[in-house]
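Colleague: Contents are mmCIF, C-alpha atoms and all ligand atoms; file name work.cif:
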```cif
data_upload
loop_
_atom_site.label_atom_id
_atom_site.label_comp_id
_atom_site.auth_asym_id
_atom_site.auth_seq_id
_atom_site.Cartn_x
_atom_site.Cartn_y
_atom_site.Cartn_z
CA MET Q 13 11.18 14.85 1.20
CA ARG Q 14 10.78 13.79 4.81
CA TYR Q 15 11.49 10.32 6.18
CA LYS Q 16 9.46 8.05 8.46
CA LEU Q 17 10.54 5.35 10.87
CA LEU Q 18 9.00 2.11 9.69
CA GLY Q 19 7.18 0.51 12.63
CA ARG Q 20 9.60 -0.22 15.44
CA SER Q 21 12.46 -1.14 13.06
CA GLY Q 22 14.26 2.23 13.11
CA LEU Q 23 14.51 1.95 9.30
CA ARG Q 24 14.10 5.37 7.65
CA VAL Q 25 11.86 5.31 4.60
CA SER Q 26 10.82 8.26 2.45
CA GLU Q 27 7.38 9.60 3.32
CA VAL Q 28 6.17 8.16 0.01
CA CYS Q 29 6.91 4.78 -1.53
CA LEU Q 30 7.10 4.15 -5.29
CA GLY Q 31 5.34 1.02 -6.51
CA THR Q 32 6.54 -0.83 -9.61
CA MET Q 33 3.42 -2.90 -10.39
CA MET Q 34 2.90 -1.12 -13.72
CA MET Q 35 6.60 -1.21 -14.71
CA SER Q 36 6.84 -3.88 -17.38
CA THR Q 37 6.50 -3.89 -21.15
CA GLU Q 38 4.96 -0.89 -22.86
CA SER Q 39 1.13 -1.02 -22.92
CA PRO Q 40 -1.78 1.42 -22.51
CA SER Q 41 -1.70 0.86 -18.72
CA SER Q 42 2.02 0.11 -18.12
CA ALA Q 43 5.33 1.92 -18.45
CA GLY Q 44 7.99 0.15 -20.53
CA PRO Q 45 11.55 -0.28 -19.18
CA GLU Q 46 12.82 3.09 -20.48
CA GLU Q 47 9.99 5.18 -19.06
CA SER Q 48 10.12 3.12 -15.84
CA ARG Q 49 13.75 4.07 -15.39
CA ARG Q 50 12.90 7.73 -15.85
CA ILE Q 51 10.10 7.43 -13.27
CA LEU Q 52 12.47 5.73 -10.79
CA GLU Q 53 15.06 8.46 -11.37
CA ALA Q 54 12.52 11.27 -10.90
CA PHE Q 55 11.43 9.71 -7.62
CA ALA Q 56 14.98 9.19 -6.32
CA ASP Q 57 15.97 12.72 -7.40
CA ARG Q 58 13.28 14.04 -5.06
CA GLY Q 59 14.78 12.02 -2.19
CA GLY Q 60 12.60 8.90 -2.50
CA ASN Q 61 14.37 5.81 -1.16
CA TYR Q 62 11.45 3.41 -0.62
CA PHE Q 63 10.35 0.97 -3.37
CA ASP Q 64 7.71 -1.73 -3.62
CA THR Q 65 7.62 -4.65 -6.03
CA ALA Q 66 6.58 -8.34 -6.01
CA ASN Q 67 7.71 -11.72 -7.31
CA GLU Q 68 6.69 -13.07 -10.73
CA VAL Q 69 3.12 -11.95 -10.22
CA TYR Q 70 4.23 -8.46 -11.35
CA SER Q 71 4.85 -8.88 -15.08
CA GLY Q 72 6.42 -12.30 -14.81
CA GLY Q 73 9.30 -10.83 -12.76
CA LEU Q 74 10.10 -7.94 -15.12
CA SER Q 75 9.16 -5.32 -12.48
CA GLU Q 76 11.76 -6.78 -10.11
CA ARG Q 77 14.36 -6.79 -12.89
CA ILE Q 78 13.69 -3.14 -13.77
CA LEU Q 79 13.92 -2.12 -10.10
CA GLY Q 80 17.03 -4.27 -9.57
CA GLU Q 81 18.83 -2.60 -12.49
CA PHE Q 82 17.95 0.82 -11.12
CA VAL Q 83 19.22 0.20 -7.58
CA ALA Q 84 22.32 -1.76 -8.62
CA SER Q 85 24.87 1.07 -8.61
CA GLU Q 86 23.75 2.50 -5.25
CA ARG Q 87 22.12 -0.46 -3.53
CA HIS Q 88 23.02 0.84 -0.06
CA ARG Q 89 20.86 3.97 -0.49
CA TYR Q 90 17.60 2.20 -1.23
CA VAL Q 91 14.95 0.28 0.71
CA VAL Q 92 13.86 -2.51 -1.64
CA THR Q 93 10.73 -4.41 -0.70
CA THR Q 94 9.16 -7.35 -2.52
CA LYS Q 95 6.35 -9.86 -1.92
CA TYR Q 96 5.66 -13.57 -1.97
CA THR Q 97 2.42 -15.66 -1.83
CA ASN Q 98 1.26 -15.38 -5.44
CA THR Q 99 2.74 -17.14 -8.43
CA LEU Q 100 2.61 -16.22 -12.05
CA HIS Q 101 1.53 -19.70 -13.07
CA SER Q 102 -1.89 -19.72 -11.47
CA GLY Q 103 -2.22 -16.07 -12.49
CA PHE Q 104 -5.74 -14.83 -13.14
CA ASP Q 105 -6.52 -17.53 -15.66
CA PRO Q 106 -8.54 -20.29 -13.94
CA SER Q 107 -7.77 -22.74 -16.75
CA ILE Q 108 -4.05 -22.80 -15.84
CA ARG Q 109 -3.17 -25.40 -13.19
CA ASP Q 110 0.36 -25.52 -11.82
CA HIS Q 111 0.96 -27.39 -8.54
CA PRO Q 112 -0.54 -26.86 -5.09
CA ASN Q 113 2.65 -25.49 -3.51
CA ALA Q 114 3.25 -22.96 -6.27
CA GLY Q 115 1.83 -20.25 -4.02
CA GLY Q 116 0.74 -19.66 -0.42
CA ASN Q 117 2.30 -18.35 2.78
CA HIS Q 118 4.06 -21.60 3.79
CA LYS Q 119 7.83 -22.10 4.03
CA LYS Q 120 8.39 -23.80 0.67
CA SER Q 121 6.59 -21.00 -1.15
CA MET Q 122 8.43 -18.35 0.91
CA VAL Q 123 11.91 -19.82 0.33
CA GLN Q 124 11.37 -20.45 -3.39
CA SER Q 125 9.94 -17.02 -3.94
CA VAL Q 126 12.71 -15.23 -2.02
CA GLU Q 127 15.41 -17.11 -3.95
CA GLY Q 128 13.78 -16.05 -7.24
CA SER Q 129 13.40 -12.44 -6.11
CA LEU Q 130 17.04 -12.17 -5.02
CA LYS Q 131 18.13 -13.35 -8.47
CA ARG Q 132 15.79 -11.09 -10.44
CA LEU Q 133 16.59 -8.06 -8.29
CA GLY Q 134 20.29 -8.91 -8.41
CA VAL Q 135 20.70 -8.11 -4.70
CA ASP Q 136 22.20 -9.97 -1.72
CA TYR Q 137 19.32 -9.10 0.58
CA ILE Q 138 15.74 -7.82 0.52
CA ASP Q 139 15.10 -4.89 2.88
CA LEU Q 140 11.55 -5.96 3.62
CA LEU Q 141 9.64 -9.06 2.55
CA TRP Q 142 5.84 -8.79 2.35
CA ILE Q 143 3.21 -11.50 2.45
CA HIS Q 144 1.05 -10.52 -0.55
CA PHE Q 145 -2.19 -11.71 1.00
CA TRP Q 146 -3.33 -14.04 3.73
CA ASP Q 147 -3.83 -17.63 2.47
CA TYR Q 148 -6.09 -18.90 5.29
CA SER Q 149 -3.92 -22.03 5.34
CA THR Q 150 -0.63 -21.42 7.13
CA ASP Q 151 -0.27 -20.79 10.86
CA ILE Q 152 1.00 -17.22 11.32
CA ALA Q 153 3.30 -18.52 14.09
CA ASP Q 154 5.04 -20.70 11.45
CA VAL Q 155 5.26 -17.75 9.08
CA MET Q 156 6.91 -15.62 11.77
CA ARG Q 157 9.45 -18.35 12.56
CA ASN Q 158 10.18 -18.98 8.87
CA VAL Q 159 10.78 -15.32 8.10
CA ASN Q 160 12.94 -15.08 11.22
CA ASP Q 161 15.12 -17.84 9.74
CA LEU Q 162 15.54 -15.79 6.54
CA VAL Q 163 16.45 -12.78 8.66
CA ARG Q 164 19.09 -14.82 10.50
CA GLN Q 165 20.48 -15.98 7.15
CA GLY Q 166 20.78 -12.32 6.08
CA LYS Q 167 18.52 -12.75 3.04
CA VAL Q 168 15.75 -10.56 4.44
CA LEU Q 169 16.05 -7.66 6.90
CA HIS Q 170 12.44 -6.86 7.84
CA PHE Q 171 8.92 -8.24 7.41
CA GLY Q 172 5.49 -6.92 6.50
CA LEU Q 173 1.96 -8.10 5.69
CA CYS Q 174 -0.41 -7.00 2.94
CA ASN Q 175 -4.12 -7.78 2.75
CA THR Q 176 -4.27 -9.78 5.99
CA PRO Q 177 -7.02 -9.75 8.64
CA ALA Q 178 -6.22 -7.77 11.79
CA TRP Q 179 -6.56 -10.83 14.04
CA VAL Q 180 -3.75 -12.55 12.10
CA VAL Q 181 -1.57 -9.43 12.38
CA ALA Q 182 -2.18 -9.26 16.13
CA ARG Q 183 -1.38 -12.93 16.69
CA GLY Q 184 1.74 -12.77 14.52
CA GLN Q 185 3.13 -9.75 16.35
CA THR Q 186 2.35 -11.22 19.75
CA VAL Q 187 4.07 -14.53 18.96
CA ALA Q 188 7.13 -12.76 17.48
CA ASP Q 189 7.43 -10.49 20.54
CA GLN Q 190 7.13 -13.41 22.95
CA ARG Q 191 9.78 -15.46 21.16
CA GLY Q 192 12.20 -12.66 20.26
CA TRP Q 193 11.64 -13.12 16.49
CA GLU Q 194 11.72 -10.43 13.82
CA PRO Q 195 8.52 -8.42 14.32
CA ILE Q 196 6.06 -7.16 11.71
CA SER Q 197 7.35 -3.69 10.76
CA ALA Q 198 4.80 -2.66 8.15
CA LEU Q 199 1.31 -3.31 6.81
CA GLN Q 200 0.10 -2.65 3.27
CA TYR Q 201 -3.56 -2.32 2.25
CA GLN Q 202 -5.61 -0.39 -0.24
CA TYR Q 203 -6.49 3.01 1.23
CA ASN Q 204 -7.75 6.13 -0.46
CA LEU Q 205 -10.69 8.53 -0.47
CA VAL Q 206 -13.01 5.95 -1.99
CA SER Q 207 -11.84 2.91 -0.02
CA ARG Q 208 -11.48 3.41 3.72
CA ASP Q 209 -12.24 0.05 5.32
CA LEU Q 210 -8.81 -0.29 6.96
CA GLU Q 211 -9.84 2.41 9.41
CA LEU Q 212 -12.08 -0.15 11.14
CA GLU Q 213 -9.47 -2.66 12.35
CA ILE Q 214 -6.10 -2.21 10.69
CA ILE Q 215 -5.21 1.34 11.70
CA PRO Q 216 -6.07 0.86 15.41
CA CYS Q 217 -4.30 -2.55 15.34
CA SER Q 218 -1.16 -1.03 13.80
CA ARG Q 219 -1.04 1.78 16.37
CA ALA Q 220 -1.47 -0.60 19.27
CA LEU Q 221 1.27 -2.94 17.98
CA GLY Q 222 3.80 -0.39 16.67
CA ILE Q 223 3.52 -1.25 12.97
CA GLY Q 224 3.73 1.25 10.09
CA VAL Q 225 0.79 1.45 7.68
CA ASN Q 226 1.25 1.86 3.93
CA ALA Q 227 -1.53 2.63 1.46
CA TYR Q 228 -1.43 1.06 -1.97
CA SER Q 229 -3.55 2.62 -4.71
CA PRO Q 230 -3.74 5.97 -2.85
CA LEU Q 231 -5.08 7.53 -6.07
CA ALA Q 232 -7.57 4.67 -6.43
CA GLY Q 233 -5.58 3.56 -9.48
CA GLY Q 234 -5.86 7.04 -11.06
CA PHE Q 235 -9.58 7.56 -10.38
CA LEU Q 236 -8.78 10.48 -8.02
CA THR Q 237 -6.60 12.38 -10.49
CA GLY Q 238 -9.44 14.25 -12.21
CA LYS Q 239 -9.22 12.35 -15.48
CA TYR Q 240 -12.41 10.38 -14.82
CA THR Q 241 -14.36 13.42 -13.60
CA ARG Q 242 -13.22 16.52 -15.50
CA GLY Q 243 -14.37 15.26 -18.88
CA ASP Q 244 -11.35 16.68 -20.78
CA SER Q 245 -9.03 13.68 -20.60
CA THR Q 246 -7.67 12.27 -23.82
CA GLU Q 247 -4.99 10.02 -22.32
CA SER Q 248 -5.46 6.30 -21.79
CA ARG Q 249 -6.66 5.32 -18.35
CA ARG Q 250 -6.32 2.14 -16.31
CA PHE Q 251 -10.05 1.61 -15.86
CA ASP Q 252 -10.77 1.82 -19.56
CA SER Q 253 -9.44 -1.75 -19.53
CA GLU Q 254 -11.98 -4.50 -18.79
CA PHE Q 255 -9.33 -6.44 -16.87
CA PHE Q 256 -8.79 -3.66 -14.32
CA LYS Q 257 -12.47 -2.72 -14.15
CA GLN Q 258 -13.30 -6.22 -12.97
CA LEU Q 259 -10.21 -6.73 -10.82
CA THR Q 260 -10.39 -3.88 -8.39
CA PHE Q 261 -12.71 -0.95 -8.03
CA GLN Q 262 -16.41 -0.38 -8.48
CA PHE Q 263 -16.97 3.37 -8.51
CA ASP Q 264 -20.46 4.41 -7.42
CA GLU Q 265 -22.08 7.84 -7.38
CA LYS Q 266 -20.61 8.61 -3.95
CA ALA Q 267 -17.14 7.85 -5.29
CA TYR Q 268 -17.71 10.24 -8.22
CA ASP Q 269 -19.00 12.93 -5.82
CA THR Q 270 -15.87 12.51 -3.68
CA ALA Q 271 -13.61 12.67 -6.74
CA ARG Q 272 -15.36 15.86 -7.89
CA LYS Q 273 -14.84 17.34 -4.40
CA VAL Q 274 -11.11 16.56 -4.77
CA ASP Q 275 -11.10 18.42 -8.14
CA GLU Q 276 -12.92 21.41 -6.66
CA ILE Q 277 -10.41 21.72 -3.77
CA ALA Q 278 -7.46 21.26 -6.14
CA ASP Q 279 -8.71 24.07 -8.42
CA ARG Q 280 -9.20 26.41 -5.48
CA LEU Q 281 -5.74 25.64 -4.04
CA GLY Q 282 -4.08 25.88 -7.46
CA THR Q 283 -2.74 22.33 -7.42
CA SER Q 284 -3.61 18.98 -8.99
CA SER Q 285 -6.33 16.54 -7.96
CA ALA Q 286 -3.66 13.86 -7.44
CA ALA Q 287 -1.82 16.13 -4.99
CA VAL Q 288 -4.99 16.72 -2.94
CA ALA Q 289 -5.88 13.01 -2.82
CA LEU Q 290 -2.34 12.10 -1.69
CA ALA Q 291 -2.18 14.86 0.92
CA TRP Q 292 -5.39 13.45 2.43
CA VAL Q 293 -3.81 9.97 2.79
CA ARG Q 294 -0.64 11.48 4.30
CA ASP Q 295 -2.63 13.56 6.77
CA ARG Q 296 -4.43 10.39 7.93
CA GLY Q 297 -1.01 9.14 9.11
CA VAL Q 298 -0.55 6.56 6.35
CA ILE Q 299 2.41 6.30 3.91
CA PRO Q 300 1.14 6.46 0.30
CA MET Q 301 2.57 3.90 -2.16
CA ILE Q 302 2.08 5.57 -5.48
CA GLY Q 303 2.28 4.28 -9.01
CA ALA Q 304 2.90 6.10 -12.28
CA ARG Q 305 2.84 5.21 -15.95
CA LYS Q 306 4.77 8.29 -17.07
CA VAL Q 307 7.27 10.75 -15.62
CA SER Q 308 4.77 13.60 -15.97
CA GLN Q 309 2.41 11.67 -13.65
CA ILE Q 310 4.96 11.18 -10.90
CA GLU Q 311 5.96 14.82 -11.11
CA ASP Q 312 2.33 15.85 -10.87
CA SER Q 313 1.62 13.50 -7.95
CA LEU Q 314 4.70 14.55 -5.98
CA ARG Q 315 3.36 18.12 -5.85
CA TYR Q 316 1.56 16.94 -2.72
CA LEU Q 317 4.88 16.93 -0.82
CA SER Q 318 4.72 20.72 -0.56
CA LEU Q 319 0.93 20.94 -0.18
CA THR Q 320 -0.63 21.85 3.16
CA LEU Q 321 -4.26 20.82 3.06
CA PRO Q 322 -6.33 23.36 5.03
CA ALA Q 323 -8.12 21.77 8.02
CA GLU Q 324 -11.56 22.61 6.62
CA ASP Q 325 -10.75 20.88 3.29
CA MET Q 326 -9.38 17.85 5.14
CA GLN Q 327 -12.61 17.69 7.12
CA ALA Q 328 -14.81 18.18 4.05
CA LEU Q 329 -13.08 15.30 2.23
CA THR Q 330 -13.23 13.05 5.28
CA GLU Q 331 -16.95 13.72 5.68
CA ALA Q 332 -17.77 13.37 1.97
CA SER Q 333 -16.05 9.97 1.82
CA ALA Q 334 -17.18 8.62 5.21
CA PRO Q 335 -18.01 4.90 4.87
CA VAL Q 336 -21.27 3.40 6.14
CA LEU Q 337 -20.16 1.57 9.28
CA PRO Q 338 -21.15 -2.04 10.00
CA TRP Q 339 -23.24 -2.25 13.19
CA THR Q 340 -20.54 -3.02 15.78
CA TYR Q 341 -18.34 -0.21 14.52
CA HIS Q 342 -21.31 2.14 14.39
CA LEU Q 343 -22.03 1.24 17.99
CA LEU Q 344 -18.43 1.76 19.07
CA HIS Q 345 -17.43 4.84 17.14
CA GLY Q 346 -20.19 6.05 14.83
CA ASP Q 347 -21.61 9.57 14.87
CA ASP Q 348 -23.79 8.68 17.83
CA SER Q 349 -21.26 8.66 20.69
CA ARG Q 350 -23.67 7.75 23.53
CA ILE Q 351 -22.08 4.35 24.18
CA ARG Q 352 -18.59 5.84 24.33
CA GLN Q 353 -19.83 8.52 26.69
CA LEU Q 354 -20.97 5.72 29.03
CA ALA Q 355 -17.44 4.32 28.99
CA ALA Q 356 -15.91 7.76 29.51
CA GLY Q 357 -18.01 8.94 32.42
CA GLY Q 358 -19.51 11.62 30.18
CA MET Q 359 -15.99 13.09 29.66
CA LEU Q 360 -15.38 11.87 26.09
CA ASP Q 361 -14.54 15.34 24.76
CA ALA Q 362 -11.85 15.81 27.45
CA ILE Q 363 -9.90 12.64 26.61
CA ASP Q 364 -7.19 12.68 23.89
CA ASN Q 365 -7.29 9.25 22.25
CA GLU Q 366 -4.29 8.77 19.96
CA HIS Q 367 -5.06 5.09 19.46
CA PHE Q 368 -8.23 5.85 17.59
CA PRO Q 369 -8.13 9.16 15.73
CA CYS Q 370 -10.64 8.22 13.02
N1 LIG C 401 -0.18 -5.37 -1.91
C1 LIG C 401 -1.06 -5.35 -2.87
O1 LIG C 401 -1.95 -6.20 -2.95
C2 LIG C 401 -1.01 -4.24 -3.89
C3 LIG C 401 -2.08 -4.05 -4.77
C4 LIG C 401 -2.00 -3.00 -5.68
C5 LIG C 401 -0.88 -2.18 -5.71
N2 LIG C 401 0.16 -2.41 -4.85
C6 LIG C 401 1.40 -1.57 -4.86
O2 LIG C 401 1.03 -0.21 -4.81
C7 LIG C 401 1.59 0.49 -5.92
C8 LIG C 401 0.66 1.60 -6.34
O3 LIG C 401 -0.62 1.06 -6.73
P1 LIG C 401 -1.46 1.76 -7.86
O4 LIG C 401 -0.67 1.77 -9.14
O5 LIG C 401 -2.82 1.16 -7.88
O6 LIG C 401 -1.48 3.27 -7.27
P2 LIG C 401 -2.18 4.62 -7.66
O7 LIG C 401 -1.14 5.67 -7.37
O8 LIG C 401 -3.49 4.73 -6.98
O9 LIG C 401 -2.48 4.53 -9.23
C9 LIG C 401 -1.44 4.67 -10.17
C10 LIG C 401 -2.04 4.86 -11.56
O10 LIG C 401 -2.82 6.07 -11.60
C11 LIG C 401 -2.55 6.80 -12.79
N3 LIG C 401 -1.85 8.02 -12.35
C12 LIG C 401 -0.88 8.12 -11.38
N4 LIG C 401 -0.55 9.40 -11.17
C13 LIG C 401 -1.30 10.15 -12.00
C14 LIG C 401 -1.42 11.54 -12.23
N5 LIG C 401 -0.69 12.41 -11.52
N6 LIG C 401 -2.32 11.97 -13.15
C15 LIG C 401 -3.08 11.10 -13.84
N7 LIG C 401 -3.02 9.75 -13.67
C16 LIG C 401 -2.14 9.27 -12.75
C17 LIG C 401 -1.70 5.88 -13.67
O11 LIG C 401 -2.59 4.98 -14.36
P3 LIG C 401 -3.19 5.28 -15.85
O12 LIG C 401 -2.44 6.43 -16.42
O13 LIG C 401 -3.00 3.99 -16.59
O14 LIG C 401 -4.64 5.58 -15.63
C18 LIG C 401 -0.96 5.06 -12.63
O15 LIG C 401 -0.49 3.83 -13.12
C19 LIG C 401 1.81 -0.59 -6.98
O16 LIG C 401 2.80 -0.23 -7.92
C20 LIG C 401 2.23 -1.76 -6.12
O17 LIG C 401 3.61 -1.63 -5.81
C21 LIG C 401 0.10 -3.42 -3.94
#
```
Could the structure of this file be written out as structure tokens, please?

Modeller:
Amino acid sequence: MRYKLLGRSGLRVSEVCLGTMMMSTESPSSAGPEESRRILEAFADRGGNYFDTANEVYSGGLSERILGEFVASERHRYVVTTKYTNTLHSGFDPSIRDHPNAGGNHKKSMVQSVEGSLKRLGVDYIDLLWIHFWDYSTDIADVMRNVNDLVRQGKVLHFGLCNTPAWVVARGQTVADQRGWEPISALQYQYNLVSRDLELEIIPCSRALGIGVNAYSPLAGGFLTGKYTRGDSTESRRFDSEFFKQLTFQFDEKAYDTARKVDEIADRLGTSSAAVALAWVRDRGVIPMIGARKVSQIEDSLRYLSLTLPAEDMQALTEASAPVLPWTYHLLHGDDSRIRQLAAGGMLDAIDNEHFPC
């Protein structure tokens, strides 16, 4: 296992993060408490120290409890991150009405959620608090000040944003820098071989502002593990459930072609499809946040840690999964580089541009 510095914080996190979203009660798509503990142990045994969870929105708080029990005896070793914004009460059922401050990015929601998380996790402090998604209601300057207060109280050490537009990230970091507040250390978005939109704004934004980028669902929720494409799977799969099918991904023919390409490369390299898909995310400079429902899955996925993806396979996967770019992005960095040549005096190929490697 290697370790990364998270943003500008100096905090050392394992090169892969373990997510606990599916750690709850036993079900066809979740791991129960016993199996969850074994998954957490397998990850920590390999040197993993970086964990992601969320407030009650993950299994009514059970995911935080399971993680809290695991880290209790060696709290100092682990980087425990959790999220606020969502509440269990509003959930995904539109018929349930709670109260208007039950969620959101504002201070009341933040403070209430953090107090609940500290109790469920059984910890004195949270290593990194995430906003779960942008609420289009709260001023990011207020959010930065409010989280800075929690940092000063010692309840939270660092801060990150999930699912937030790049302009909000940029304004938040600028305000925090100007006022000497706790900066944004990490960003968390969906990123994998069938969902690459964060390359447009988020990755360049993070590089310019010194923020680490984390990819949730790096296996596209299991779609890139071969069990949807090889035709020999007998185990239960997340997207056999109507709930998940509607919630997240729509897999089109291009996605299936990409997944089959992953299988083909895995077979040739003598490894698993999951390992190839995760190595691709790693080699794009993004920290994968993986999930697992069973120990055998985490063991299989972590094979990527020792996998070197040949440059030609990396390129083939990047080309096969290339998104269709909206016009402005096509103009600025699509295949046709004539506009960029104008801005580079015809010397585009002689300029190393680390800000925009995509
Ligand atoms: N910030 C956010 O909005 C957000 C959103 C989503 C997730 N997250 C975080 O990111 C973490 C990871 O997300 P994710 O669970 O979607 O990640 P993922 O790694 O893409 O998918 C994990 C799922 O894929 C299947 N799987 C994993 N490894 C496998 C293997 N080697 N072989 C076969 N199947 C395998 C399992 O599902 P089945 O066996 O049931 O098919 C497992 O639950 C979450 O736990 C959470 O912490 C954050």

Colleague: Find the nearest atom pair between each residue of chain Q and ligand LIG 401 (chain C) for residues within 8 Å, count all atoms listed in the file, give distances in Å to one decimal, sort rows by chain and ascending number, and present the table as CSV.

Modeller:
```
residue,atom,partner,partner_atom,distance
Q:Leu30,CA,C:LIG401,C7,6.6
Q:Gly31,CA,C:LIG401,O16,3.2
Q:Thr32,CA,C:LIG401,O16,4.1
Q:Met33,CA,C:LIG401,O16,3.7
Q:Met34,CA,C:LIG401,O16,5.9
Q:Met35,CA,C:LIG401,O16,7.8
Q:Pro40,CA,C:LIG401,O13,6.6
Q:Ser41,CA,C:LIG401,O13,4.0
Q:Ser42,CA,C:LIG401,O13,6.5
Q:Phe63,CA,C:LIG401,O17,7.6
Q:Asp64,CA,C:LIG401,O17,4.6
Q:Thr65,CA,C:LIG401,O17,5.0
Q:Ala66,CA,C:LIG401,O17,7.3
Q:Lys95,CA,C:LIG401,N1,7.9
Q:His144,CA,C:LIG401,N1,5.5
Q:Phe145,CA,C:LIG401,O1,6.8
Q:Cys174,CA,C:LIG401,N1,5.1
Q:Asn175,CA,C:LIG401,O1,6.3
Q:Gln200,CA,C:LIG401,N1,5.9
Q:Tyr201,CA,C:LIG401,N1,6.2
Q:Gln202,CA,C:LIG401,C3,6.8
Q:Asn204,CA,C:LIG401,O8,7.9
Q:Ala227,CA,C:LIG401,O2,7.3
Q:Tyr228,CA,C:LIG401,O2,4.0
Q:Ser229,CA,C:LIG401,O8,3.1
Q:Pro230,CA,C:LIG401,O8,4.3
Q:Leu231,CA,C:LIG401,O8,3.3
Q:Ala232,CA,C:LIG401,O8,4.1
Q:Gly233,CA,C:LIG401,O9,3.3
Q:Gly234,CA,C:LIG401,O10,3.2
Q:Phe235,CA,C:LIG401,O10,7.0
Q:Leu236,CA,C:LIG401,O8,7.9
Q:Thr237,CA,C:LIG401,C15,5.0
Q:Gly238,CA,C:LIG401,C15,7.3
Q:Lys239,CA,C:LIG401,C15,6.5
Q:Glu247,CA,C:LIG401,O12,7.4
Q:Ser248,CA,C:LIG401,O12,6.2
Q:Arg249,CA,C:LIG401,O14,3.4
Q:Arg250,CA,C:LIG401,O13,3.8
Q:Phe251,CA,C:LIG401,O14,6.7
Q:Ser284,CA,C:LIG401,N5,7.6
Q:Ser285,CA,C:LIG401,N5,7.8
Q:Ala286,CA,C:LIG401,N5,5.3
Q:Ala287,CA,C:LIG401,N5,7.6
Q:Met301,CA,C:LIG401,O2,5.1
Q:Ile302,CA,C:LIG401,O7,3.7
Q:Gly303,CA,C:LIG401,O4,3.9
Q:Ala304,CA,C:LIG401,C18,4.0
Q:Arg305,CA,C:LIG401,O15,4.6
Q:Lys306,CA,C:LIG401,O12,7.5
Q:Ser308,CA,C:LIG401,N5,7.1
Q:Gln309,CA,C:LIG401,N5,3.8
Q:Ile310,CA,C:LIG401,N4,5.8
Q:Glu311,CA,C:LIG401,N5,7.1
Q:Asp312,CA,C:LIG401,N5,4.6
Q:Ser313,CA,C:LIG401,N5,4.4
```

Colleague: Atoms to include: C-alpha atoms. Write the selected residues as a short mmCIF file (atom, residue, chain, number, x, y, z; two decimals), keeping the file's coordinate frame.

Modeller:
```cif
data_model
loop_
_atom_site.label_atom_id
_atom_site.label_comp_id
_atom_site.auth_asym_id
_atom_site.auth_seq_id
_atom_site.Cartn_x
_atom_site.Cartn_y
_atom_site.Cartn_z
CA LEU Q 30 7.10 4.15 -5.29
CA GLY Q 31 5.34 1.02 -6.51
CA THR Q 32 6.54 -0.83 -9.61
CA MET Q 33 3.42 -2.90 -10.39
CA MET Q 34 2.90 -1.12 -13.72
CA MET Q 35 6.60 -1.21 -14.71
CA PRO Q 40 -1.78 1.42 -22.51
CA SER Q 41 -1.70 0.86 -18.72
CA SER Q 42 2.02 0.11 -18.12
CA PHE Q 63 10.35 0.97 -3.37
CA ASP Q 64 7.71 -1.73 -3.62
CA THR Q 65 7.62 -4.65 -6.03
CA ALA Q 66 6.58 -8.34 -6.01
CA LYS Q 95 6.35 -9.86 -1.92
CA HIS Q 144 1.05 -10.52 -0.55
CA PHE Q 145 -2.19 -11.71 1.00
CA CYS Q 174 -0.41 -7.00 2.94
CA ASN Q 175 -4.12 -7.78 2.75
CA GLN Q 200 0.10 -2.65 3.27
CA TYR Q 201 -3.56 -2.32 2.25
CA GLN Q 202 -5.61 -0.39 -0.24
CA ASN Q 204 -7.75 6.13 -0.46
CA ALA Q 227 -1.53 2.63 1.46
CA TYR Q 228 -1.43 1.06 -1.97
CA SER Q 229 -3.55 2.62 -4.71
CA PRO Q 230 -3.74 5.97 -2.85
CA LEU Q 231 -5.08 7.53 -6.07
CA ALA Q 232 -7.57 4.67 -6.43
CA GLY Q 233 -5.58 3.56 -9.48
CA GLY Q 234 -5.86 7.04 -11.06
CA PHE Q 235 -9.58 7.56 -10.38
CA LEU Q 236 -8.78 10.48 -8.02
CA THR Q 237 -6.60 12.38 -10.49
CA GLY Q 238 -9.44 14.25 -12.21
CA LYS Q 239 -9.22 12.35 -15.48
CA GLU Q 247 -4.99 10.02 -22.32
CA SER Q 248 -5.46 6.30 -21.79
CA ARG Q 249 -6.66 5.32 -18.35
CA ARG Q 250 -6.32 2.14 -16.31
CA PHE Q 251 -10.05 1.61 -15.86
CA SER Q 284 -3.61 18.98 -8.99
CA SER Q 285 -6.33 16.54 -7.96
CA ALA Q 286 -3.66 13.86 -7.44
CA ALA Q 287 -1.82 16.13 -4.99
CA MET Q 301 2.57 3.90 -2.16
CA ILE Q 302 2.08 5.57 -5.48
CA GLY Q 303 2.28 4.28 -9.01
CA ALA Q 304 2.90 6.10 -12.28
CA ARG Q 305 2.84 5.21 -15.95
CA LYS Q 306 4.77 8.29 -17.07
CA SER Q 308 4.77 13.60 -15.97
CA GLN Q 309 2.41 11.67 -13.65
CA ILE Q 310 4.96 11.18 -10.90
CA GLU Q 311 5.96 14.82 -11.11
CA ASP Q 312 2.33 15.85 -10.87
CA SER Q 313 1.62 13.50 -7.95
#
```

Colleague: I'd like the neighbourhood of Asn61 in chain Q as a VMD selection string, where a residue qualifies if any of its atoms comes within 7 Å (using only C-alpha atoms), though same-chain residues fewer than 3 positions away should be ignored.

Modeller: chain Q and resid 25 to 26 56 89 to 91

Colleague: Between CA of Ser207 in chain Q and CA of Leu141 in chain Q, what is the spacing in Å?

Modeller: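 CA of Ser207 in chain Q lies 24.7 Å from CA of Leu141 in chain Q.
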
Colleague: Out of Q:Lys167, Q:Asp147, Q:Val206, Q:Arg157, which residue has the shortest atom-to-atom distance to Ala188 in chain Q when counting all atoms listed in the file?

Modeller: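 Of the candidates, the smallest distance to Ala188 in chain Q is held by Q:Arg157.
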